[in-house]
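structure03.csv, holding CSV, C-alpha atoms and all ligand atoms:
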```
chain,number,residue,atom,x,y,z
I,1,MET,CA,277.6,9.5,-48.5
I,2,ALA,CA,279.0,6.9,-46.2
I,3,ALA,CA,279.0,7.7,-42.5
I,4,GLU,CA,282.5,8.7,-41.6
I,5,VAL,CA,283.9,10.2,-38.4
I,6,GLY,CA,284.1,14.0,-38.7
I,7,GLU,CA,280.8,14.5,-40.5
I,8,LYS,CA,278.4,16.8,-38.7
I,9,TRP,CA,275.0,15.1,-39.0
I,10,VAL,CA,272.9,13.7,-36.2
I,11,LEU,CA,270.0,11.3,-36.8
I,12,SER,CA,267.5,10.8,-34.0
I,13,VAL,CA,264.3,8.9,-33.2
I,14,THR,CA,262.0,9.5,-30.2
I,15,ALA,CA,259.4,7.0,-29.0
I,16,GLN,CA,257.1,6.6,-26.0
I,17,THR,CA,256.2,3.2,-24.4
I,18,PRO,CA,253.8,2.5,-21.6
I,19,THR,CA,254.5,0.1,-18.8
I,20,ASN,CA,252.5,-3.1,-18.3
I,21,ILE,CA,251.0,-4.8,-15.2
I,22,ALA,CA,251.0,-8.6,-15.1
I,23,VAL,CA,247.7,-10.2,-14.0
I,24,ILE,CA,249.3,-13.7,-14.3
I,25,LYS,CA,252.9,-13.2,-13.2
I,26,TYR,CA,256.2,-14.0,-14.6
I,27,TRP,CA,258.4,-15.2,-11.7
I,28,GLY,CA,261.4,-17.4,-12.3
I,29,LYS,CA,263.8,-18.0,-15.2
I,30,ARG,CA,265.0,-21.2,-16.8
I,31,ASP,CA,267.9,-19.3,-18.5
I,32,GLU,CA,269.3,-16.1,-16.9
I,33,GLU,CA,271.4,-15.0,-19.8
I,34,LEU,CA,268.6,-15.1,-22.5
I,35,ILE,CA,265.9,-14.3,-19.9
I,36,LEU,CA,263.7,-17.3,-20.6
I,37,PRO,CA,260.8,-17.7,-18.1
I,38,ILE,CA,259.5,-20.9,-16.5
I,39,ASN,CA,255.9,-20.0,-17.2
I,40,ASP,CA,253.7,-18.0,-19.6
I,41,SER,CA,252.4,-14.7,-18.3
I,42,ILE,CA,249.6,-12.3,-19.2
I,43,SER,CA,249.5,-8.5,-18.7
I,44,VAL,CA,247.6,-5.3,-19.4
I,45,THR,CA,249.5,-2.5,-21.0
I,46,LEU,CA,248.6,0.9,-19.5
I,47,ASP,CA,247.6,4.0,-21.2
I,48,PRO,CA,250.8,5.8,-22.4
I,49,GLY,CA,249.7,9.1,-20.9
I,50,HIS,CA,250.3,8.1,-17.3
I,51,LEU,CA,253.1,5.6,-16.7
I,52,CYS,CA,255.5,5.6,-19.6
I,53,THR,CA,259.0,6.0,-20.8
I,54,THR,CA,260.1,8.5,-23.4
I,55,THR,CA,263.3,7.7,-25.1
I,56,SER,CA,265.3,9.6,-27.7
I,57,VAL,CA,268.2,7.8,-29.5
I,58,ALA,CA,270.6,9.5,-31.7
I,59,VAL,CA,273.5,8.5,-33.9
I,60,SER,CA,276.3,10.7,-35.3
I,61,PRO,CA,279.7,9.9,-36.7
I,62,ALA,CA,280.9,12.5,-34.2
I,63,PHE,CA,280.0,10.2,-31.2
I,64,THR,CA,283.0,8.2,-30.0
I,65,HIS,CA,281.2,5.7,-27.7
I,66,ASP,CA,277.7,4.6,-26.7
I,67,ARG,CA,276.2,6.6,-23.8
I,68,ILE,CA,272.9,6.6,-21.9
I,69,TRP,CA,271.2,9.1,-19.6
I,70,LEU,CA,268.3,7.8,-17.4
I,71,ASN,CA,266.2,10.5,-15.9
I,72,GLY,CA,268.9,13.1,-16.4
I,73,LYS,CA,271.8,11.0,-15.0
I,74,GLU,CA,274.4,9.2,-17.1
I,75,VAL,CA,274.5,5.5,-16.2
I,76,SER,CA,276.8,2.7,-17.4
I,77,LEU,CA,275.9,0.8,-20.6
I,78,SER,CA,278.3,-2.0,-19.8
I,79,GLY,CA,275.7,-4.4,-18.4
I,80,GLY,CA,275.2,-7.6,-20.3
I,81,ARG,CA,271.5,-7.0,-20.9
I,82,PHE,CA,272.0,-3.7,-22.7
I,83,GLN,CA,274.8,-5.2,-24.7
I,84,ASN,CA,272.7,-8.2,-25.7
I,85,CYS,CA,270.0,-5.9,-27.0
I,86,PHE,CA,272.5,-3.8,-28.9
I,87,ARG,CA,274.1,-6.8,-30.4
I,88,GLU,CA,270.8,-8.3,-31.6
I,89,LEU,CA,269.7,-4.9,-33.1
I,90,ARG,CA,273.1,-4.1,-34.7
I,91,SER,CA,273.1,-7.5,-36.4
I,92,ARG,CA,269.7,-6.7,-38.0
I,93,ALA,CA,270.4,-3.1,-39.1
I,94,THR,CA,269.7,-2.4,-42.7
I,95,ASP,CA,270.9,0.3,-45.1
I,96,PHE,CA,269.4,3.8,-44.7
I,97,GLU,CA,269.5,6.9,-46.9
I,98,ASP,CA,268.1,10.4,-46.4
I,99,GLU,CA,268.8,12.1,-49.7
I,100,ASN,CA,267.7,15.5,-48.6
I,101,ARG,CA,270.2,15.6,-45.8
I,102,GLY,CA,272.8,13.6,-47.7
I,103,ILE,CA,273.0,10.9,-45.0
I,104,LYS,CA,273.6,7.3,-46.0
I,105,ILE,CA,274.2,4.6,-43.4
I,106,THR,CA,275.0,1.1,-44.5
I,107,LYS,CA,274.5,-2.0,-42.4
I,108,LYS,CA,278.3,-2.2,-42.2
I,109,ASP,CA,278.6,1.3,-40.8
I,110,TRP,CA,276.8,0.1,-37.7
I,111,GLU,CA,279.9,-1.8,-36.7
I,112,LYS,CA,281.6,1.4,-35.9
I,113,LEU,CA,278.8,4.0,-35.3
I,114,HIS,CA,277.8,4.9,-31.7
I,115,VAL,CA,274.6,6.0,-30.2
I,116,HIS,CA,273.5,8.5,-27.4
I,117,ILE,CA,270.4,7.6,-25.5
I,118,VAL,CA,268.2,9.8,-23.3
I,119,SER,CA,265.4,8.1,-21.4
I,120,TYR,CA,262.9,9.6,-19.1
I,121,ASN,CA,260.3,7.8,-16.9
I,122,ASN,CA,257.2,9.9,-15.9
I,123,PHE,CA,256.8,7.7,-12.8
I,124,PRO,CA,259.1,6.4,-10.0
I,125,THR,CA,261.9,4.3,-11.4
I,126,ALA,CA,262.7,0.8,-9.9
I,127,ALA,CA,259.9,1.3,-7.3
I,128,GLY,CA,258.2,-1.9,-8.4
I,129,LEU,CA,256.1,-0.2,-11.1
I,130,ALA,CA,257.6,-2.1,-14.0
I,131,SER,CA,259.8,0.8,-15.0
I,132,SER,CA,262.3,-1.7,-16.7
I,133,ALA,CA,259.4,-3.0,-18.8
I,134,ALA,CA,258.6,0.4,-20.3
I,135,GLY,CA,262.3,1.4,-20.4
I,136,LEU,CA,263.7,-1.6,-22.2
I,137,ALA,CA,260.8,-1.9,-24.6
I,138,CYS,CA,261.1,1.8,-25.5
I,139,LEU,CA,264.9,1.4,-25.9
I,140,VAL,CA,264.6,-1.5,-28.3
I,141,PHE,CA,261.8,0.0,-30.3
I,142,SER,CA,263.5,3.3,-30.8
I,143,LEU,CA,266.9,1.8,-31.6
I,144,ALA,CA,265.3,-0.6,-34.0
I,145,LYS,CA,263.8,2.5,-35.9
I,146,LEU,CA,267.1,4.3,-35.8
I,147,MET,CA,269.0,1.3,-37.2
I,148,ASN,CA,266.3,0.6,-39.8
I,149,VAL,CA,265.6,-2.9,-38.4
I,150,LYS,CA,262.8,-4.4,-40.4
I,151,GLU,CA,261.5,-6.9,-37.9
I,152,ASP,CA,257.9,-7.2,-36.7
I,153,HIS,CA,256.8,-6.6,-33.1
I,154,SER,CA,257.0,-10.2,-32.1
I,155,LYS,CA,260.7,-10.4,-33.1
I,156,LEU,CA,261.4,-7.1,-31.4
I,157,SER,CA,259.7,-8.5,-28.3
I,158,ALA,CA,262.2,-11.3,-28.2
I,159,ILE,CA,265.0,-8.7,-28.2
I,160,ALA,CA,263.4,-6.6,-25.5
I,161,ARG,CA,263.0,-9.7,-23.5
I,162,GLN,CA,266.7,-10.0,-23.3
I,163,GLY,CA,266.8,-6.5,-21.7
I,164,SER,CA,264.2,-7.3,-19.1
I,165,GLY,CA,261.7,-10.1,-19.2
I,166,SER,CA,258.5,-8.1,-18.7
I,167,ALA,CA,259.6,-5.6,-21.3
I,168,CYS,CA,258.6,-7.9,-24.1
I,169,ARG,CA,255.0,-7.4,-23.2
I,170,SER,CA,255.2,-3.6,-23.5
I,171,LEU,CA,255.7,-3.8,-27.3
I,172,TYR,CA,251.9,-4.3,-27.6
I,173,GLY,CA,248.9,-2.4,-26.3
I,174,GLY,CA,245.9,-4.0,-24.7
I,175,PHE,CA,246.1,-7.6,-23.2
I,176,VAL,CA,249.4,-9.4,-23.9
I,177,LYS,CA,250.7,-12.9,-23.4
I,178,TRP,CA,254.3,-13.7,-23.1
I,179,ILE,CA,254.7,-17.3,-24.4
I,180,MET,CA,257.5,-18.9,-22.5
I,181,GLY,CA,258.6,-21.0,-25.5
I,182,LYS,CA,260.4,-24.3,-25.8
I,183,GLU,CA,263.5,-23.5,-27.8
I,184,ASP,CA,266.9,-23.3,-25.9
I,185,ASN,CA,267.9,-20.2,-28.0
I,186,GLY,CA,264.7,-18.3,-27.0
I,187,SER,CA,263.5,-17.8,-30.6
I,188,ASP,CA,259.9,-18.8,-29.6
I,189,SER,CA,259.8,-16.9,-26.3
I,190,ILE,CA,257.9,-13.9,-27.6
I,191,ALA,CA,254.9,-11.7,-26.7
I,192,VAL,CA,251.6,-11.8,-28.6
I,193,GLN,CA,248.6,-9.6,-28.4
I,194,LEU,CA,245.5,-11.3,-27.0
I,195,ALA,CA,243.2,-8.4,-27.5
I,196,ASP,CA,243.8,-4.8,-28.5
I,197,GLU,CA,243.3,-1.7,-26.3
I,198,LYS,CA,239.7,-1.2,-27.5
I,199,HIS,CA,238.6,-4.7,-26.6
I,200,TRP,CA,237.7,-4.0,-22.9
I,201,ASP,CA,237.9,-0.3,-22.3
I,202,ASP,CA,235.5,-0.2,-19.3
I,203,LEU,CA,238.4,-1.4,-17.1
I,204,VAL,CA,240.1,1.3,-15.1
I,205,ILE,CA,243.4,0.8,-13.3
I,206,ILE,CA,244.3,2.8,-10.3
I,207,ILE,CA,247.7,2.6,-8.9
I,208,ALA,CA,248.1,3.7,-5.3
I,209,VAL,CA,251.7,4.7,-4.9
I,210,VAL,CA,252.5,4.2,-1.3
I,211,SER,CA,256.2,4.4,-1.8
I,212,SER,CA,258.3,5.8,-4.6
I,213,LYS,CA,261.6,4.7,-3.1
I,214,GLN,CA,263.7,2.3,-5.1
I,215,LYS,CA,262.9,-1.3,-4.1
I,216,GLU,CA,265.6,-3.0,-2.0
I,217,THR,CA,265.6,-6.3,-3.9
I,218,SER,CA,265.5,-6.4,-7.7
I,219,SER,CA,263.0,-8.7,-9.4
I,220,THR,CA,265.9,-10.5,-10.9
I,221,SER,CA,267.5,-11.5,-7.6
I,222,GLY,CA,264.1,-12.0,-5.9
I,223,MET,CA,263.0,-14.5,-8.5
I,224,ARG,CA,266.4,-16.2,-8.5
I,225,ASP,CA,266.1,-16.7,-4.7
I,226,THR,CA,262.6,-18.2,-5.2
I,227,VAL,CA,263.7,-20.6,-7.9
I,228,GLU,CA,266.7,-21.7,-5.8
I,229,THR,CA,264.9,-22.2,-2.5
I,230,SER,CA,261.3,-22.9,-3.2
I,231,ALA,CA,260.0,-26.4,-4.1
I,232,LEU,CA,256.6,-24.9,-4.8
I,233,ILE,CA,257.7,-22.7,-7.6
I,234,LYS,CA,257.9,-25.7,-9.9
I,235,HIS,CA,254.4,-26.8,-9.0
I,236,ARG,CA,253.2,-23.2,-9.7
I,237,ALA,CA,254.9,-23.1,-13.1
I,238,LYS,CA,253.9,-26.6,-14.3
I,239,GLU,CA,250.5,-27.2,-12.7
I,240,VAL,CA,249.0,-24.0,-11.6
I,241,VAL,CA,249.9,-21.4,-14.2
I,242,PRO,CA,249.0,-23.3,-17.5
I,243,LYS,CA,245.5,-23.8,-16.3
I,244,ARG,CA,245.2,-20.2,-15.1
I,245,ILE,CA,246.5,-18.8,-18.3
I,246,LYS,CA,243.9,-20.7,-20.3
I,247,GLU,CA,241.1,-19.4,-18.0
I,248,MET,CA,242.5,-15.9,-18.0
I,249,GLU,CA,242.5,-15.9,-21.9
I,250,GLU,CA,238.9,-17.0,-21.8
I,251,ALA,CA,237.9,-14.3,-19.2
I,252,ILE,CA,239.6,-11.6,-21.3
I,253,ALA,CA,238.0,-12.8,-24.6
I,254,LYS,CA,234.5,-12.8,-22.9
I,255,ARG,CA,235.2,-9.7,-20.8
I,256,ASP,CA,234.2,-11.7,-17.8
I,257,PHE,CA,235.2,-9.5,-14.9
I,258,PRO,CA,234.4,-11.9,-12.0
I,259,SER,CA,236.7,-14.6,-13.5
I,260,PHE,CA,239.3,-12.0,-14.5
I,261,ALA,CA,239.4,-10.6,-11.0
I,262,ARG,CA,239.4,-14.1,-9.3
I,263,LEU,CA,242.3,-15.3,-11.4
I,264,ALA,CA,244.4,-12.1,-11.0
I,265,CYS,CA,243.9,-12.1,-7.2
I,266,ALA,CA,244.6,-15.8,-6.9
I,267,ASP,CA,247.7,-15.4,-8.9
I,268,ILE,CA,249.1,-12.5,-6.8
I,269,HIS,CA,248.4,-14.4,-3.6
I,270,ARG,CA,250.3,-17.5,-4.8
I,271,HIS,CA,253.0,-15.3,-6.1
I,272,GLU,CA,253.4,-13.3,-2.8
I,273,PHE,CA,253.3,-16.6,-0.9
I,274,LEU,CA,256.3,-17.9,-2.9
I,275,ARG,CA,258.2,-14.6,-2.6
I,276,ASN,CA,257.7,-14.5,1.1
I,277,GLN,CA,258.4,-18.1,1.6
I,278,GLY,CA,255.4,-19.4,3.6
I,279,SER,CA,253.6,-16.3,4.9
I,280,PRO,CA,250.6,-16.2,2.7
I,281,PRO,CA,248.4,-13.1,2.6
I,282,ARG,CA,244.7,-13.8,3.2
I,283,LEU,CA,242.6,-14.4,0.1
I,284,ASP,CA,239.5,-12.3,0.5
I,285,TYR,CA,238.3,-11.9,-3.1
I,286,LYS,CA,234.6,-12.5,-3.5
I,287,ASP,CA,233.0,-13.2,-6.8
I,288,ASN,CA,230.7,-10.1,-6.5
I,289,SER,CA,233.7,-7.8,-5.9
I,290,GLN,CA,233.9,-4.9,-8.3
I,291,VAL,CA,237.7,-4.5,-8.0
I,292,ALA,CA,240.6,-6.9,-8.6
I,293,TYR,CA,244.0,-6.2,-7.2
I,294,THR,CA,247.6,-7.1,-7.8
I,295,PHE,CA,251.1,-5.9,-7.0
I,296,ASP,CA,254.2,-5.6,-9.1
I,297,ALA,CA,257.5,-6.1,-7.4
I,298,GLY,CA,257.0,-3.3,-4.9
I,299,PRO,CA,254.5,-2.2,-2.3
I,300,ASN,CA,252.4,-0.2,-4.6
I,301,ALA,CA,248.9,-1.6,-5.1
I,302,VAL,CA,247.4,-1.9,-8.5
I,303,LEU,CA,243.6,-1.9,-8.4
I,304,ILE,CA,241.6,-2.9,-11.5
I,305,SER,CA,238.0,-1.8,-11.4
I,306,LYS,CA,235.1,-3.1,-13.4
I,307,ASP,CA,234.1,0.2,-14.9
I,308,ARG,CA,234.5,4.0,-14.5
I,309,LYS,CA,231.7,4.4,-11.9
I,310,THR,CA,233.3,1.8,-9.6
I,311,ALA,CA,236.7,3.5,-10.2
I,312,ALA,CA,235.3,6.9,-9.2
I,313,LEU,CA,233.9,5.4,-5.9
I,314,LEU,CA,237.1,3.6,-5.2
I,315,LEU,CA,239.2,6.7,-5.8
I,316,GLN,CA,236.9,8.7,-3.5
I,317,ARG,CA,237.4,6.1,-0.7
I,318,LEU,CA,241.2,6.0,-1.3
I,319,LEU,CA,241.5,9.7,-1.2
I,320,PHE,CA,239.4,9.9,2.0
I,321,GLN,CA,241.3,7.1,3.8
I,322,PHE,CA,244.7,7.9,2.4
I,323,PRO,CA,244.8,11.6,1.5
I,324,PRO,CA,247.7,12.5,-0.8
I,325,GLN,CA,250.8,13.5,1.1
I,326,SER,CA,252.8,16.5,-0.1
I,327,ASP,CA,256.0,14.4,-0.2
I,328,THR,CA,254.3,11.9,-2.5
I,329,ASP,CA,253.8,9.3,0.2
I,330,LEU,CA,250.6,8.5,-1.5
I,331,ASN,CA,249.5,9.6,-5.0
I,332,SER,CA,246.9,7.9,-7.1
I,333,TYR,CA,247.0,7.5,-10.8
I,334,VAL,CA,243.9,6.7,-12.7
I,335,ILE,CA,244.6,4.8,-15.9
I,336,GLY,CA,242.5,3.5,-18.7
I,337,ASP,CA,243.9,0.3,-20.1
I,338,LYS,CA,243.6,1.2,-23.7
I,339,THR,CA,247.0,1.9,-25.1
I,340,ILE,CA,249.1,2.1,-28.2
I,341,LEU,CA,252.8,2.1,-28.8
I,342,LYS,CA,253.5,5.6,-29.9
I,343,ASP,CA,256.2,6.2,-32.5
I,344,ALA,CA,257.0,9.9,-32.3
I,345,GLY,CA,260.1,9.6,-34.4
R,401,LIG,C1,256.7,-9.1,-10.5
R,401,LIG,O1,260.9,-8.3,-15.9
R,401,LIG,O2,261.6,-6.8,-14.0
R,401,LIG,O3,256.7,-7.6,-12.4
R,401,LIG,O4,263.5,-10.2,-16.3
R,401,LIG,O5,264.9,-10.0,-14.3
R,401,LIG,O6,264.4,-8.0,-15.6
R,401,LIG,P1,263.9,-9.3,-15.2
R,401,LIG,O7,262.6,-9.1,-14.3
R,401,LIG,P2,261.4,-8.2,-14.5
R,401,LIG,O8,260.3,-8.9,-13.5
R,401,LIG,C2,259.0,-8.6,-13.4
R,401,LIG,C3,258.4,-9.3,-12.3
R,401,LIG,C4,256.9,-8.9,-12.0
R,401,LIG,C5,256.0,-9.9,-12.7
R,401,LIG,C6,255.7,-9.6,-14.2
R,401,LIG,O9,255.8,-8.5,-14.6
R,401,LIG,O10,255.2,-10.6,-14.8
```
Would you mind writing the file out in structure tokens?
Ligand code: DP6
Amino acid sequence: MAAEVGEKWVLSVTAQTPTNIAVIKYWGKRDEELILPINDSISVTLDPGHLCTTTSVAVSPAFTHDRIWLNGKEVSLSGGRFQNCFRELRSRATDFEDENRGIKITKKDWEKLHVHIVSYNNFPTAAGLASSAAGLACLVFSLAKLMNVKEDHSKLSAIARQGSGSACRSLYGGFVKWIMGKEDNGSDSIAVQLADEKHWDDLVIIIAVVSSKQKETSSTSGMRDTVETSALIKHRAKEVVPKRIKEMEEAIAKRDFPSFARLACADIHRHEFLRNQGSPPRLDYKDNSQVAYTFDAGPNAVLISKDRKTAALLLQRLLFQFPPQSDTDLNSYVIGDKTILKDAG
């Protein structure tokens, strides 16, 4: 049975995707439309239980246009980024048939079918906690399932990238590298898994949420400003990051915490320096430190501790110094780094 308007069926898929925290940052694009970065980056994908997006996508011949609700509120789907992801996925849809329910959707049907999307973040949205990473990765993953797209995760990562750069890394668990690629069409700008979620499961990540307000400047415009006004960004992208990426890959492979922490801290300092145009924070990481730190695009601190014992002590200190406020001025999330992309569909 072909999908025709007036039929009553609804087909849906639900997926859950965690966010990721970069330890070597993506900051700056060489192509704004395709979202192609000026350097490779490396991240850790978090445990899905704590900071994740859950997205349900549904298709029915009764739907007259595409609609999306984020955290209970309908938002516009007209943005170029959503549309780019939709176009890429629709062009890869394949025939689908559910004989029991009498549903048959052909690739051609997707030219006229519409979807409804409901997406929910279990953490503050746009507060600099990489909500767009989890959100766009989950959207692309669930739509790909719904449209019966038969591409592997690396291809899907190149599609999610066009929704939000950091989203491409959330398609994988564990430690992930986004290879900047060389091609102008972005076909080789994809995410690859460096090590899976079981590789280094001593690490514990604590995120101290000091503000859940939406950030004033988006990462997109922040990095555009940096690329347009900073001479140093080119030096970072060409000279500093390639070496650091290599060292970080080695540190992850060997589970070498002092090197991992030194590189992550050095990267955030250089990154903050560029973002703030010349007011560098002090670098006070010591090789015997048990905790590495980084920030995403907001004020919330991401602390990566060597093991569970250190994490417990750290959390004790944090709770003593900064007791949780009832209005969520400060909450602490404890997160193991092991993670999988859950397909609940
Ligand atoms: C500081 O991926 O949100 O978190 O590609 O413009 O959507 P767009 O930006 P986005 O930027 C993330 C910036 C960062 C660093 C990182 O995740 O690597």
Pick from I:Ile35, I:Met248, I:Ala15, I:Cys85, whichever lies nearest to ligand LIG 401 (chain R) using all atoms listed in the file: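 Going through I:Ile35, I:Met248, I:Ala15, I:Cys85 one by one, the smallest distance to ligand LIG 401 (chain R) is for I:Ile35.
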What does the distance from CA of Ile205 (chain I) to CA of Arg224 (chain I) come to in Å, to one decimal? 29.0 Å
Let me see if you get this right: every residue at most 6 Å from ligand LIG 401 (chain R), counting only C-alpha atoms and all ligand atoms, written as a PyMOL selection string. chain I and resi 22+25-27+35+130+132+164-166+219-220+296-297
Next, dump the selected residues to file, keeping only C-alpha atoms, as a compact mmCIF listing (two decimals), keeping the file's coordinate frame.
```txt
# COMPACT_ATOMS: atom_id res chain seq x y z
CA ALA I 22 251.00 -8.60 -15.10
CA LYS I 25 252.90 -13.20 -13.20
CA TYR I 26 256.20 -14.00 -14.60
CA TRP I 27 258.40 -15.20 -11.70
CA ILE I 35 265.90 -14.30 -19.90
CA ALA I 130 257.60 -2.10 -14.00
CA SER I 132 262.30 -1.70 -16.70
CA SER I 164 264.20 -7.30 -19.10
CA GLY I 165 261.70 -10.10 -19.20
CA SER I 166 258.50 -8.10 -18.70
CA SER I 219 263.00 -8.70 -9.40
CA THR I 220 265.90 -10.50 -10.90
CA ASP I 296 254.20 -5.60 -9.10
CA ALA I 297 257.50 -6.10 -7.40
```
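When all atoms listed in the file are used to measure the gap to Leu263 (chain I), the shortest distance among I:Leu303, I:Leu70, I:Val241, I:Val75 belongs to I:Val241.
The gap separating CA of Leu139 (chain I) from CA of Leu203 (chain I) is 28.1 Å, in Å to one decimal.
In this model, the gap between CA of Asp95 (chain I) and CA of Lys108 (chain I) comes to 8.3 Å.
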Tell me which protein, DNA and RNA residues are within 12 Å of Lys73 (chain I), counting only C-alpha atoms, leaving out same-chain ones fewer than 3 positions away, and put them as a ChimeraX atom specification. /I:67-70,76,117-120
The selected residues should be written to file as a PDB file, in the frame of the given file (atoms: C-alpha atoms).
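As written to disk, result37.pdb reads:
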```pdb
ATOM      1  CA  ARG I  67     276.200   6.600 -23.800  1.00  0.00           C
ATOM      2  CA  ILE I  68     272.900   6.600 -21.900  1.00  0.00           C
ATOM      3  CA  TRP I  69     271.200   9.100 -19.600  1.00  0.00           C
ATOM      4  CA  LEU I  70     268.300   7.800 -17.400  1.00  0.00           C
ATOM      5  CA  SER I  76     276.800   2.700 -17.400  1.00  0.00           C
ATOM      6  CA  ILE I 117     270.400   7.600 -25.500  1.00  0.00           C
ATOM      7  CA  VAL I 118     268.200   9.800 -23.300  1.00  0.00           C
ATOM      8  CA  SER I 119     265.400   8.100 -21.400  1.00  0.00           C
ATOM      9  CA  TYR I 120     262.900   9.600 -19.100  1.00  0.00           C
TER      10      TYR I 120
END
```
Which residues are near Ser305 (chain I)? Cut-off 12 Å, all atoms listed in the file, ignore same chain within fewer than 2 positions. Put them as a ChimeraX atom specification. /I:200-207,257-258,260-261,289-294,302-303,307-315,334-337
Min atom-atom distance to Ala144 (chain I) from the set I:Asp225, I:Ala58, I:Asp109, I:Ser187, counting only C-alpha atoms, belongs to I:Ala58
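Of the listed residues (I:Gly135, I:Gly222, I:Pro61, I:Gly72), I:Gly135 comes nearest to Arg161 (chain I); the distances count only C-alpha atoms.
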Have a look at I:Met180, I:Met147, I:Val59, I:Ala251 and name the one nearest to Pro37 (chain I); count all atoms listed in the file. I:Met180
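With distances restricted to all atoms listed in the file, I:Gln162 is the closest residue to Arg81 (chain I) from I:Gln321, I:Asn121, I:Asn300, I:Gln162.
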Protein and nucleic acid residues near (273.4, -4.1, -38.9) (cut-off 9 Å, only C-alpha atoms) as number ranges by chain: I: 87-95, 106-111, 147-149
Ref. answer, residues at most 10 Å from (244.2, -7.4, -29.3) with all atoms listed in the file, as a compact mmCIF listing (two decimals) with C-alpha atoms, in the frame of the given file:
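Once everything was written out, this is result29.txt:
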```txt
# COMPACT_ATOMS: atom_id res chain seq x y z
CA TYR I 172 251.90 -4.30 -27.60
CA GLY I 173 248.90 -2.40 -26.30
CA GLY I 174 245.90 -4.00 -24.70
CA PHE I 175 246.10 -7.60 -23.20
CA VAL I 176 249.40 -9.40 -23.90
CA VAL I 192 251.60 -11.80 -28.60
CA GLN I 193 248.60 -9.60 -28.40
CA LEU I 194 245.50 -11.30 -27.00
CA ALA I 195 243.20 -8.40 -27.50
CA ASP I 196 243.80 -4.80 -28.50
CA GLU I 197 243.30 -1.70 -26.30
CA LYS I 198 239.70 -1.20 -27.50
CA HIS I 199 238.60 -4.70 -26.60
CA TRP I 200 237.70 -4.00 -22.90
CA ALA I 253 238.00 -12.80 -24.60
```
